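Data from coords-v5.txt: compact mmCIF, C-alpha atoms and all ligand atoms
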# COMPACT_ATOMS: atom_id res chain seq x y z
CA MET A 1 101.55 37.88 191.66
CA LYS A 2 99.76 40.46 189.54
CA GLU A 3 100.13 44.16 190.21
CA PRO A 4 96.97 46.14 190.75
CA LEU A 5 95.82 48.32 187.84
CA ASN A 6 95.96 51.50 189.81
CA HIS A 7 99.66 51.02 190.53
CA ARG A 8 101.33 54.38 191.11
CA LEU A 9 104.86 55.02 189.91
CA GLY A 10 107.51 55.39 192.50
CA ARG A 11 110.21 58.01 192.20
CA ARG A 12 112.80 55.49 190.95
CA GLU A 13 110.45 54.08 188.29
CA PHE A 14 109.48 57.56 187.16
CA LEU A 15 113.14 58.55 186.72
CA GLU A 16 113.96 55.35 184.85
CA LEU A 17 111.03 55.84 182.48
CA THR A 18 111.86 59.49 181.89
CA LEU A 19 115.51 58.74 181.20
CA GLY A 20 114.54 55.90 178.87
CA TRP A 21 112.20 58.09 176.85
CA CYS A 22 114.75 60.90 176.69
CA ALA A 23 117.45 58.48 175.47
CA ALA A 24 115.09 57.09 172.82
CA PHE A 25 114.15 60.62 171.71
CA PHE A 26 117.78 61.70 171.33
CA ALA A 27 118.72 58.48 169.50
CA LEU A 28 115.86 58.97 167.02
CA SER A 29 116.71 62.66 166.58
CA ALA A 30 120.36 61.86 165.87
CA SER A 31 119.33 59.19 163.34
CA ALA A 32 116.93 61.60 161.62
CA MET A 33 119.59 64.33 161.43
CA ALA A 34 122.11 61.86 160.00
CA ALA A 35 119.56 60.75 157.38
CA VAL A 36 118.86 64.38 156.38
CA ARG A 37 122.60 65.15 156.20
CA PHE A 38 123.06 62.09 153.98
CA MET A 39 120.60 63.60 151.50
CA ILE A 40 122.73 66.76 151.10
CA PRO A 41 125.67 66.00 148.78
CA ASN A 42 129.24 67.03 149.53
CA VAL A 43 129.69 69.24 146.50
CA LEU A 44 131.89 72.23 145.89
CA TYR A 45 129.74 74.89 144.35
CA GLU A 46 131.88 76.65 141.77
CA PRO A 47 130.81 79.71 139.87
CA ASP A 48 129.40 79.22 136.40
CA ARG A 49 132.23 79.47 133.86
CA ARG A 50 129.96 80.53 131.02
CA PHE A 51 130.17 84.22 130.21
CA LYS A 52 127.60 86.13 128.22
CA ALA A 53 129.39 88.76 126.17
CA LEU A 54 127.94 91.49 123.97
CA LYS A 55 126.29 91.08 120.59
CA PRO A 56 128.58 90.08 117.68
CA GLU A 57 128.30 93.48 116.00
CA ASP A 58 129.70 95.12 119.15
CA TYR A 59 133.13 93.57 118.61
CA PRO A 60 135.68 95.00 116.19
CA GLU A 61 137.73 92.95 113.79
CA GLY A 62 140.69 91.26 115.51
CA ALA A 63 141.19 90.42 119.17
CA THR A 64 139.26 91.94 122.05
CA PHE A 65 140.35 91.22 125.61
CA ILE A 66 137.48 90.47 128.02
CA PRO A 67 138.94 91.02 131.51
CA GLU A 68 136.02 89.44 133.43
CA THR A 69 136.86 86.02 132.04
CA ARG A 70 140.50 86.61 131.02
CA VAL A 71 139.70 85.62 127.46
CA PHE A 72 140.51 87.03 124.04
CA LEU A 73 137.54 87.02 121.67
CA LEU A 74 138.83 86.98 118.11
CA ARG A 75 136.67 88.20 115.26
CA LYS A 76 137.43 87.58 111.62
CA GLY A 77 134.53 88.75 109.50
CA ASN A 78 131.48 86.82 110.66
CA SER A 79 133.41 84.15 112.53
CA PHE A 80 134.31 84.24 116.19
CA ARG A 81 136.51 82.16 118.44
CA ALA A 82 137.87 82.61 121.94
CA VAL A 83 141.20 81.78 123.53
CA SER A 84 142.08 81.79 127.19
CA ALA A 85 144.44 84.56 128.26
CA VAL A 86 145.67 82.55 131.27
CA CYS A 87 149.27 81.53 130.73
CA THR A 88 149.77 77.78 131.02
CA HIS A 89 153.02 78.28 132.92
CA LEU A 90 151.96 79.90 136.20
CA GLY A 91 148.69 81.61 135.34
CA CYS A 92 149.63 85.20 134.49
CA THR A 93 147.44 87.03 132.03
CA VAL A 94 149.00 87.09 128.57
CA ASN A 95 148.96 90.13 126.28
CA GLN A 96 148.60 90.33 122.57
CA SER A 97 151.95 90.58 120.81
CA PRO A 98 152.88 94.01 119.45
CA ASP A 99 152.60 92.66 115.90
CA ARG A 100 149.07 91.35 116.81
CA LYS A 101 149.96 87.90 115.48
CA GLY A 102 150.19 86.06 118.78
CA PHE A 103 150.42 86.43 122.52
CA HIS A 104 153.19 86.87 125.04
CA CYS A 105 153.33 86.49 128.79
CA PRO A 106 154.84 89.40 130.74
CA CYS A 107 155.80 87.23 133.72
CA HIS A 108 158.41 84.80 132.36
CA GLY A 109 158.39 85.49 128.66
CA SER A 110 156.38 82.65 127.15
CA GLN A 111 155.34 83.33 123.59
CA PHE A 112 152.38 81.91 121.70
CA ASP A 113 151.70 82.12 117.97
CA GLU A 114 148.40 83.12 116.32
CA ASN A 115 147.08 79.58 116.97
CA ALA A 116 148.01 79.95 120.65
CA SER A 117 150.71 77.26 120.38
CA VAL A 118 153.89 77.75 122.40
CA VAL A 119 156.79 79.13 120.39
CA GLY A 120 159.04 80.14 123.28
CA GLY A 121 159.44 80.34 127.02
CA PRO A 122 158.61 78.01 129.88
CA ALA A 123 154.88 77.46 129.17
CA PRO A 124 154.30 73.68 128.95
CA HIS A 125 151.58 73.90 126.29
CA GLY A 126 149.52 76.33 124.28
CA LEU A 127 146.63 78.48 125.38
CA PRO A 128 143.32 76.61 125.31
CA TRP A 129 140.63 77.56 122.83
CA LEU A 130 137.20 77.89 124.38
CA LEU A 131 133.71 77.14 123.16
CA VAL A 132 131.88 80.12 121.67
CA ALA A 133 128.15 79.99 121.05
CA GLN A 134 125.27 82.39 120.57
CA SER A 135 122.47 82.79 123.09
CA PRO A 136 118.81 83.02 122.03
CA ASP A 137 118.92 86.80 122.53
CA GLY A 138 121.78 87.06 120.01
CA ARG A 139 124.65 87.64 122.40
CA ILE A 140 127.91 85.73 122.32
CA VAL A 141 128.43 83.15 125.06
CA ILE A 142 131.94 81.98 125.98
CA ASP A 143 132.08 78.72 127.89
CA ALA A 144 135.44 78.59 129.67
CA SER A 145 134.68 75.09 130.97
CA GLN A 146 134.75 73.56 127.47
CA GLN A 147 137.89 73.50 125.36
CA VAL A 148 137.69 73.14 121.60
CA LYS A 149 140.16 72.75 118.75
CA ALA A 150 141.82 75.86 117.36
CA ASP A 151 139.91 75.61 114.09
CA LYS A 152 136.45 75.67 115.68
CA TYR A 153 134.66 78.95 114.95
CA LEU A 154 131.24 80.34 115.61
CA VAL A 155 130.02 81.58 112.24
CA ILE A 156 127.14 84.05 112.32
S1 LIG A 201 153.37 82.70 133.93
FE1 LIG A 201 153.55 83.01 131.82
S2 LIG A 201 155.56 82.44 131.39
FE2 LIG A 201 155.40 82.12 133.49

Output the file's structure in the form of C-alpha cells.
Amino acid sequence: MKEPLNHRLGRREFLELTLGWCAAFFALSASAMAAVRFMIPNVLYEPDRRFKALKPEDYPEGATFIPETRVFLLRKGNSFRAVSAVCTHLGCTVNQSPDRKGFHCPCHGSQFDENASVVGGPAPHGLPWLLVAQSPDGRIVIDASQQVKADKYLVI
C-alpha cells in the first residue's frame, strides 16, 4: 500500500533521520580532514645551513673563526676555503693551534693538521671542509650542508 504524499514524520522517524544525517556529516568531515592531513608532509624543518658572511676584503689573511656557524674561514691571498670547527669526536669547538698550522680540541686533545686531518687524539676523522661561494652581492657564502675536498678553494 502506498503512503500518502503528505505523510508527516513521527518522532522516531525524525530521530532516525537526524542521527543518520549527523553520522554521514561526521564521516565525511573525518574523511576530508584525513585527506587534508595527507597533503601535509611529515617533514622536519631544519634551519638553513648556509651562512652569508662578510665581503672577501673584510677578512684578514689566515684563519678567522665565525662563531655563528662554528667555522674557520681561511684566506690565502685571493682564495678562500672553510673548515668546520666542530670536533669529530664529541662535537666540541676546536681552536687554532698556537703555531697557527692546525687545530686542536680542548676537550679530549684531538689534533688536526693544516689540512684538518687527524694527527692525534680520539677524533675518528678529520674536520670537514665546507663549500664556499660568493653571493650576487659579493659576500661570501658558507654552505655547511655541503662538504668538499680540502683542495677546493673559492678564488676571487
Ligand atoms: S670532543 Fe674533541 S677530542 Fe673529544

Residues at most 8 Å from Arg49 in chain A, counting only C-alpha atoms, excluding those fewer than 6 positions away in the same chain, as an mmCIF file with C-alpha atoms, in the frame of the given file?
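File produced: out-v7.cif:
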data_model
loop_
_atom_site.group_PDB
_atom_site.id
_atom_site.type_symbol
_atom_site.label_atom_id
_atom_site.label_comp_id
_atom_site.auth_asym_id
_atom_site.auth_seq_id
_atom_site.Cartn_x
_atom_site.Cartn_y
_atom_site.Cartn_z
ATOM 1 C CA ASP A 143 132.080 78.720 127.890
ATOM 2 C CA ALA A 144 135.440 78.590 129.670
ATOM 3 C CA SER A 145 134.680 75.090 130.970
#

Taking into account all atoms listed in the file, which residue in the set A:Asn115, A:Lys149, A:Gly109, A:His7 is nearest to ligand LIG 201 (chain A)? A:Gly109

Point-to-point distance in Å for CA of Ala32 in chain A and CA of Thr18 in chain A: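 Separation of CA of Thr18 in chain A and CA of Ala32 in chain A: 21.0 Å.
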
Do you have, as JSON lines, the list of residues of chain A lying at most 8 Å from ligand LIG 201 (chain A), each with its nearest atom pair and that distance in Å to one decimal, counting all atoms listed in the file and ordered by chain then number?
{"residue": "A:Val86", "atom": "CA", "partner": "A:LIG201", "partner_atom": "FE1", "distance": 7.9}
{"residue": "A:Cys87", "atom": "CA", "partner": "A:LIG201", "partner_atom": "FE1", "distance": 4.7}
{"residue": "A:Thr88", "atom": "CA", "partner": "A:LIG201", "partner_atom": "FE1", "distance": 6.5}
{"residue": "A:His89", "atom": "CA", "partner": "A:LIG201", "partner_atom": "S1", "distance": 4.5}
{"residue": "A:Leu90", "atom": "CA", "partner": "A:LIG201", "partner_atom": "S1", "distance": 3.9}
{"residue": "A:Gly91", "atom": "CA", "partner": "A:LIG201", "partner_atom": "S1", "distance": 5.0}
{"residue": "A:Cys92", "atom": "CA", "partner": "A:LIG201", "partner_atom": "S1", "distance": 4.5}
{"residue": "A:Thr93", "atom": "CA", "partner": "A:LIG201", "partner_atom": "FE1", "distance": 7.3}
{"residue": "A:Val94", "atom": "CA", "partner": "A:LIG201", "partner_atom": "FE1", "distance": 6.9}
{"residue": "A:His104", "atom": "CA", "partner": "A:LIG201", "partner_atom": "FE1", "distance": 7.8}
{"residue": "A:Cys105", "atom": "CA", "partner": "A:LIG201", "partner_atom": "FE1", "distance": 4.6}
{"residue": "A:Pro106", "atom": "CA", "partner": "A:LIG201", "partner_atom": "FE1", "distance": 6.6}
{"residue": "A:Cys107", "atom": "CA", "partner": "A:LIG201", "partner_atom": "FE2", "distance": 5.1}
{"residue": "A:His108", "atom": "CA", "partner": "A:LIG201", "partner_atom": "S2", "distance": 3.8}
{"residue": "A:Gly109", "atom": "CA", "partner": "A:LIG201", "partner_atom": "S2", "distance": 5.0}
{"residue": "A:Ser110", "atom": "CA", "partner": "A:LIG201", "partner_atom": "S2", "distance": 4.3}
{"residue": "A:Gln111", "atom": "CA", "partner": "A:LIG201", "partner_atom": "S2", "distance": 7.9}
{"residue": "A:Gly121", "atom": "CA", "partner": "A:LIG201", "partner_atom": "S2", "distance": 6.2}
{"residue": "A:Pro122", "atom": "CA", "partner": "A:LIG201", "partner_atom": "S2", "distance": 5.6}
{"residue": "A:Ala123", "atom": "CA", "partner": "A:LIG201", "partner_atom": "S2", "distance": 5.5}

With only C-alpha atoms as the atoms that count, which of A:Ala53, A:Leu154, A:Met33, A:Leu9 lies nearest to Arg81 in chain A?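 Among the listed residues, the smallest separation from Arg81 in chain A belongs to A:Leu154.
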
CA of Arg70 in chain A and CA of Ser84 in chain A are how many Å apart?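 Spanning CA of Arg70 in chain A to CA of Ser84 in chain A is a straight-line distance of 6.4 Å.
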
If you measure from CA of Trp129 in chain A to CA of Glu46 in chain A, what distance in Å do you get, rounded to one decimal?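 CA of Glu46 in chain A lies 20.9 Å from CA of Trp129 in chain A.
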
Could you please give me, as a list in words, the residues of protein, DNA or RNA lying at most 7 Å from (137.9, 92.5, 121.0) in the coordinate frame of the file, considering all atoms listed in the file?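 In the file's frame, the residues around the point are Tyr59, Pro60, Gly62, Ala63, Thr64, Phe65, Phe72, Leu73 and Leu74 of chain A.
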
Would you export the selected residues with C-alpha atoms as a JSON list (two decimals), in the frame of the given file, please?
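Below is the file result39.json, written as the result:
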[["chain", "number", "residue", "atom", "x", "y", "z"],
["A", 59, "TYR", "CA", 133.13, 93.57, 118.61],
["A", 60, "PRO", "CA", 135.68, 95.00, 116.19],
["A", 62, "GLY", "CA", 140.69, 91.26, 115.51],
["A", 63, "ALA", "CA", 141.19, 90.42, 119.17],
["A", 64, "THR", "CA", 139.26, 91.94, 122.05],
["A", 65, "PHE", "CA", 140.35, 91.22, 125.61],
["A", 72, "PHE", "CA", 140.51, 87.03, 124.04],
["A", 73, "LEU", "CA", 137.54, 87.02, 121.67],
["A", 74, "LEU", "CA", 138.83, 86.98, 118.11]]

Please determine an axis-aligned box that encloses all atoms of range 63-70 of chain A listed in the file, with 5 Å added on each side, and express its centre and edge lengths in Å to one decimal as JSON.
{"center_x": 138.6, "center_y": 89.0, "center_z": 126.3, "size_x": 15.2, "size_y": 15.9, "size_z": 24.3}

Using only C-alpha atoms: which of A:Glu13, A:Glu114, A:Asn42, A:Asn78 has the shortest distance to Lys55 in chain A: A:Asn78

For Leu54 in chain A, please output as number ranges by chain all residues within 10 Å (counting all atoms listed in the file; exclusion window: fewer than 2 positions along the same chain). A: 51-52, 56-59, 138-141

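Using all atoms listed in the file, the smallest distance between any of A:Gly120, A:Leu127, A:Leu19, A:Glu61 and Val83 in chain A comes from A:Leu127.
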
So, with only C-alpha atoms as the atoms that count, which of A:Ala85, A:Phe26, A:Ala150, A:Phe80 lies closest to Glu68 in chain A? A:Ala85

For Lys152 in chain A, which residue among A:Pro128, A:Pro41, A:Pro47, A:Pro98 is the nearest when counting all atoms listed in the file?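 Comparing A:Pro128, A:Pro41, A:Pro47, A:Pro98 against Lys152 in chain A, the winner is A:Pro128.
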
Reconstruct N, CA and C atoms of range 90-119 of chain A; output as a PDB file, in the coordinates of the input.
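Saved the output as out.pdb:
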ATOM      1  N   LEU A  90     152.353  79.677 134.815  1.00  0.00           N
ATOM      2  CA  LEU A  90     151.960  79.900 136.200  1.00  0.00           C
ATOM      3  C   LEU A  90     150.720  80.786 136.328  1.00  0.00           C
ATOM      4  N   GLY A  91     149.991  80.973 135.247  1.00  0.00           N
ATOM      5  CA  GLY A  91     148.690  81.610 135.340  1.00  0.00           C
ATOM      6  C   GLY A  91     148.650  83.118 135.195  1.00  0.00           C
ATOM      7  N   CYS A  92     149.705  83.757 134.748  1.00  0.00           N
ATOM      8  CA  CYS A  92     149.630  85.200 134.490  1.00  0.00           C
ATOM      9  C   CYS A  92     148.708  85.451 133.296  1.00  0.00           C
ATOM     10  N   THR A  93     148.276  86.671 133.164  1.00  0.00           N
ATOM     11  CA  THR A  93     147.440  87.030 132.030  1.00  0.00           C
ATOM     12  C   THR A  93     148.339  87.437 130.866  1.00  0.00           C
ATOM     13  N   VAL A  94     148.158  86.789 129.729  1.00  0.00           N
ATOM     14  CA  VAL A  94     149.000  87.090 128.570  1.00  0.00           C
ATOM     15  C   VAL A  94     148.464  88.333 127.860  1.00  0.00           C
ATOM     16  N   ASN A  95     149.332  88.967 127.105  1.00  0.00           N
ATOM     17  CA  ASN A  95     148.960  90.130 126.280  1.00  0.00           C
ATOM     18  C   ASN A  95     149.065  89.744 124.820  1.00  0.00           C
ATOM     19  N   GLN A  96     148.437  90.547 124.002  1.00  0.00           N
ATOM     20  CA  GLN A  96     148.600  90.330 122.570  1.00  0.00           C
ATOM     21  C   GLN A  96     149.975  90.856 122.163  1.00  0.00           C
ATOM     22  N   SER A  97     150.624  90.157 121.272  1.00  0.00           N
ATOM     23  CA  SER A  97     151.950  90.580 120.810  1.00  0.00           C
ATOM     24  C   SER A  97     151.841  91.926 120.104  1.00  0.00           C
ATOM     25  N   PRO A  98     152.922  92.704 120.126  1.00  0.00           N
ATOM     26  CA  PRO A  98     152.880  94.010 119.450  1.00  0.00           C
ATOM     27  C   PRO A  98     152.523  93.898 117.973  1.00  0.00           C
ATOM     28  N   ASP A  99     152.938  92.813 117.323  1.00  0.00           N
ATOM     29  CA  ASP A  99     152.600  92.660 115.900  1.00  0.00           C
ATOM     30  C   ASP A  99     151.188  92.102 115.707  1.00  0.00           C
ATOM     31  N   ARG A 100     150.456  91.840 116.809  1.00  0.00           N
ATOM     32  CA  ARG A 100     149.070  91.350 116.810  1.00  0.00           C
ATOM     33  C   ARG A 100     148.932  89.977 116.148  1.00  0.00           C
ATOM     34  N   LYS A 101     150.022  89.223 116.109  1.00  0.00           N
ATOM     35  CA  LYS A 101     149.960  87.900 115.480  1.00  0.00           C
ATOM     36  C   LYS A 101     150.075  86.772 116.505  1.00  0.00           C
ATOM     37  N   GLY A 102     150.065  87.091 117.757  1.00  0.00           N
ATOM     38  CA  GLY A 102     150.190  86.060 118.780  1.00  0.00           C
ATOM     39  C   GLY A 102     150.045  86.686 120.152  1.00  0.00           C
ATOM     40  N   PHE A 103     150.558  85.970 121.147  1.00  0.00           N
ATOM     41  CA  PHE A 103     150.420  86.430 122.520  1.00  0.00           C
ATOM     42  C   PHE A 103     151.749  86.232 123.239  1.00  0.00           C
ATOM     43  N   HIS A 104     151.995  87.065 124.233  1.00  0.00           N
ATOM     44  CA  HIS A 104     153.190  86.870 125.040  1.00  0.00           C
ATOM     45  C   HIS A 104     152.850  87.099 126.503  1.00  0.00           C
ATOM     46  N   CYS A 105     153.578  86.401 127.348  1.00  0.00           N
ATOM     47  CA  CYS A 105     153.330  86.490 128.790  1.00  0.00           C
ATOM     48  C   CYS A 105     154.354  87.437 129.411  1.00  0.00           C
ATOM     49  N   PRO A 106     153.906  88.435 130.159  1.00  0.00           N
ATOM     50  CA  PRO A 106     154.840  89.400 130.740  1.00  0.00           C
ATOM     51  C   PRO A 106     155.606  88.848 131.939  1.00  0.00           C
ATOM     52  N   CYS A 107     155.170  87.725 132.483  1.00  0.00           N
ATOM     53  CA  CYS A 107     155.800  87.230 133.720  1.00  0.00           C
ATOM     54  C   CYS A 107     157.145  86.555 133.452  1.00  0.00           C
ATOM     55  N   HIS A 108     157.163  85.537 132.597  1.00  0.00           N
ATOM     56  CA  HIS A 108     158.410  84.800 132.360  1.00  0.00           C
ATOM     57  C   HIS A 108     158.726  84.666 130.887  1.00  0.00           C
ATOM     58  N   GLY A 109     158.012  85.397 130.063  1.00  0.00           N
ATOM     59  CA  GLY A 109     158.390  85.490 128.660  1.00  0.00           C
ATOM     60  C   GLY A 109     157.888  84.419 127.723  1.00  0.00           C
ATOM     61  N   SER A 110     156.904  83.638 128.108  1.00  0.00           N
ATOM     62  CA  SER A 110     156.380  82.650 127.150  1.00  0.00           C
ATOM     63  C   SER A 110     155.742  83.362 125.972  1.00  0.00           C
ATOM     64  N   GLN A 111     155.911  82.744 124.806  1.00  0.00           N
ATOM     65  CA  GLN A 111     155.340  83.330 123.590  1.00  0.00           C
ATOM     66  C   GLN A 111     154.461  82.296 122.909  1.00  0.00           C
ATOM     67  N   PHE A 112     153.359  82.774 122.358  1.00  0.00           N
ATOM     68  CA  PHE A 112     152.380  81.910 121.700  1.00  0.00           C
ATOM     69  C   PHE A 112     152.110  82.498 120.315  1.00  0.00           C
ATOM     70  N   ASP A 113     151.963  81.615 119.326  1.00  0.00           N
ATOM     71  CA  ASP A 113     151.700  82.120 117.970  1.00  0.00           C
ATOM     72  C   ASP A 113     150.210  82.427 117.794  1.00  0.00           C
ATOM     73  N   GLU A 114     149.787  82.722 116.563  1.00  0.00           N
ATOM     74  CA  GLU A 114     148.400  83.120 116.320  1.00  0.00           C
ATOM     75  C   GLU A 114     147.419  81.966 116.572  1.00  0.00           C
ATOM     76  N   ASN A 115     147.926  80.726 116.610  1.00  0.00           N
ATOM     77  CA  ASN A 115     147.080  79.580 116.970  1.00  0.00           C
ATOM     78  C   ASN A 115     147.193  79.225 118.441  1.00  0.00           C
ATOM     79  N   ALA A 116     147.844  80.098 119.205  1.00  0.00           N
ATOM     80  CA  ALA A 116     148.010  79.950 120.650  1.00  0.00           C
ATOM     81  C   ALA A 116     148.940  78.794 121.019  1.00  0.00           C
ATOM     82  N   SER A 117     149.723  78.306 120.073  1.00  0.00           N
ATOM     83  CA  SER A 117     150.710  77.260 120.380  1.00  0.00           C
ATOM     84  C   SER A 117     151.971  77.919 120.940  1.00  0.00           C
ATOM     85  N   VAL A 118     152.675  77.197 121.785  1.00  0.00           N
ATOM     86  CA  VAL A 118     153.890  77.750 122.400  1.00  0.00           C
ATOM     87  C   VAL A 118     154.992  77.826 121.355  1.00  0.00           C
ATOM     88  N   VAL A 119     155.629  78.984 121.282  1.00  0.00           N
ATOM     89  CA  VAL A 119     156.790  79.130 120.390  1.00  0.00           C
ATOM     90  C   VAL A 119     158.032  79.553 121.177  1.00  0.00           C
TER      91      VAL A 119
END
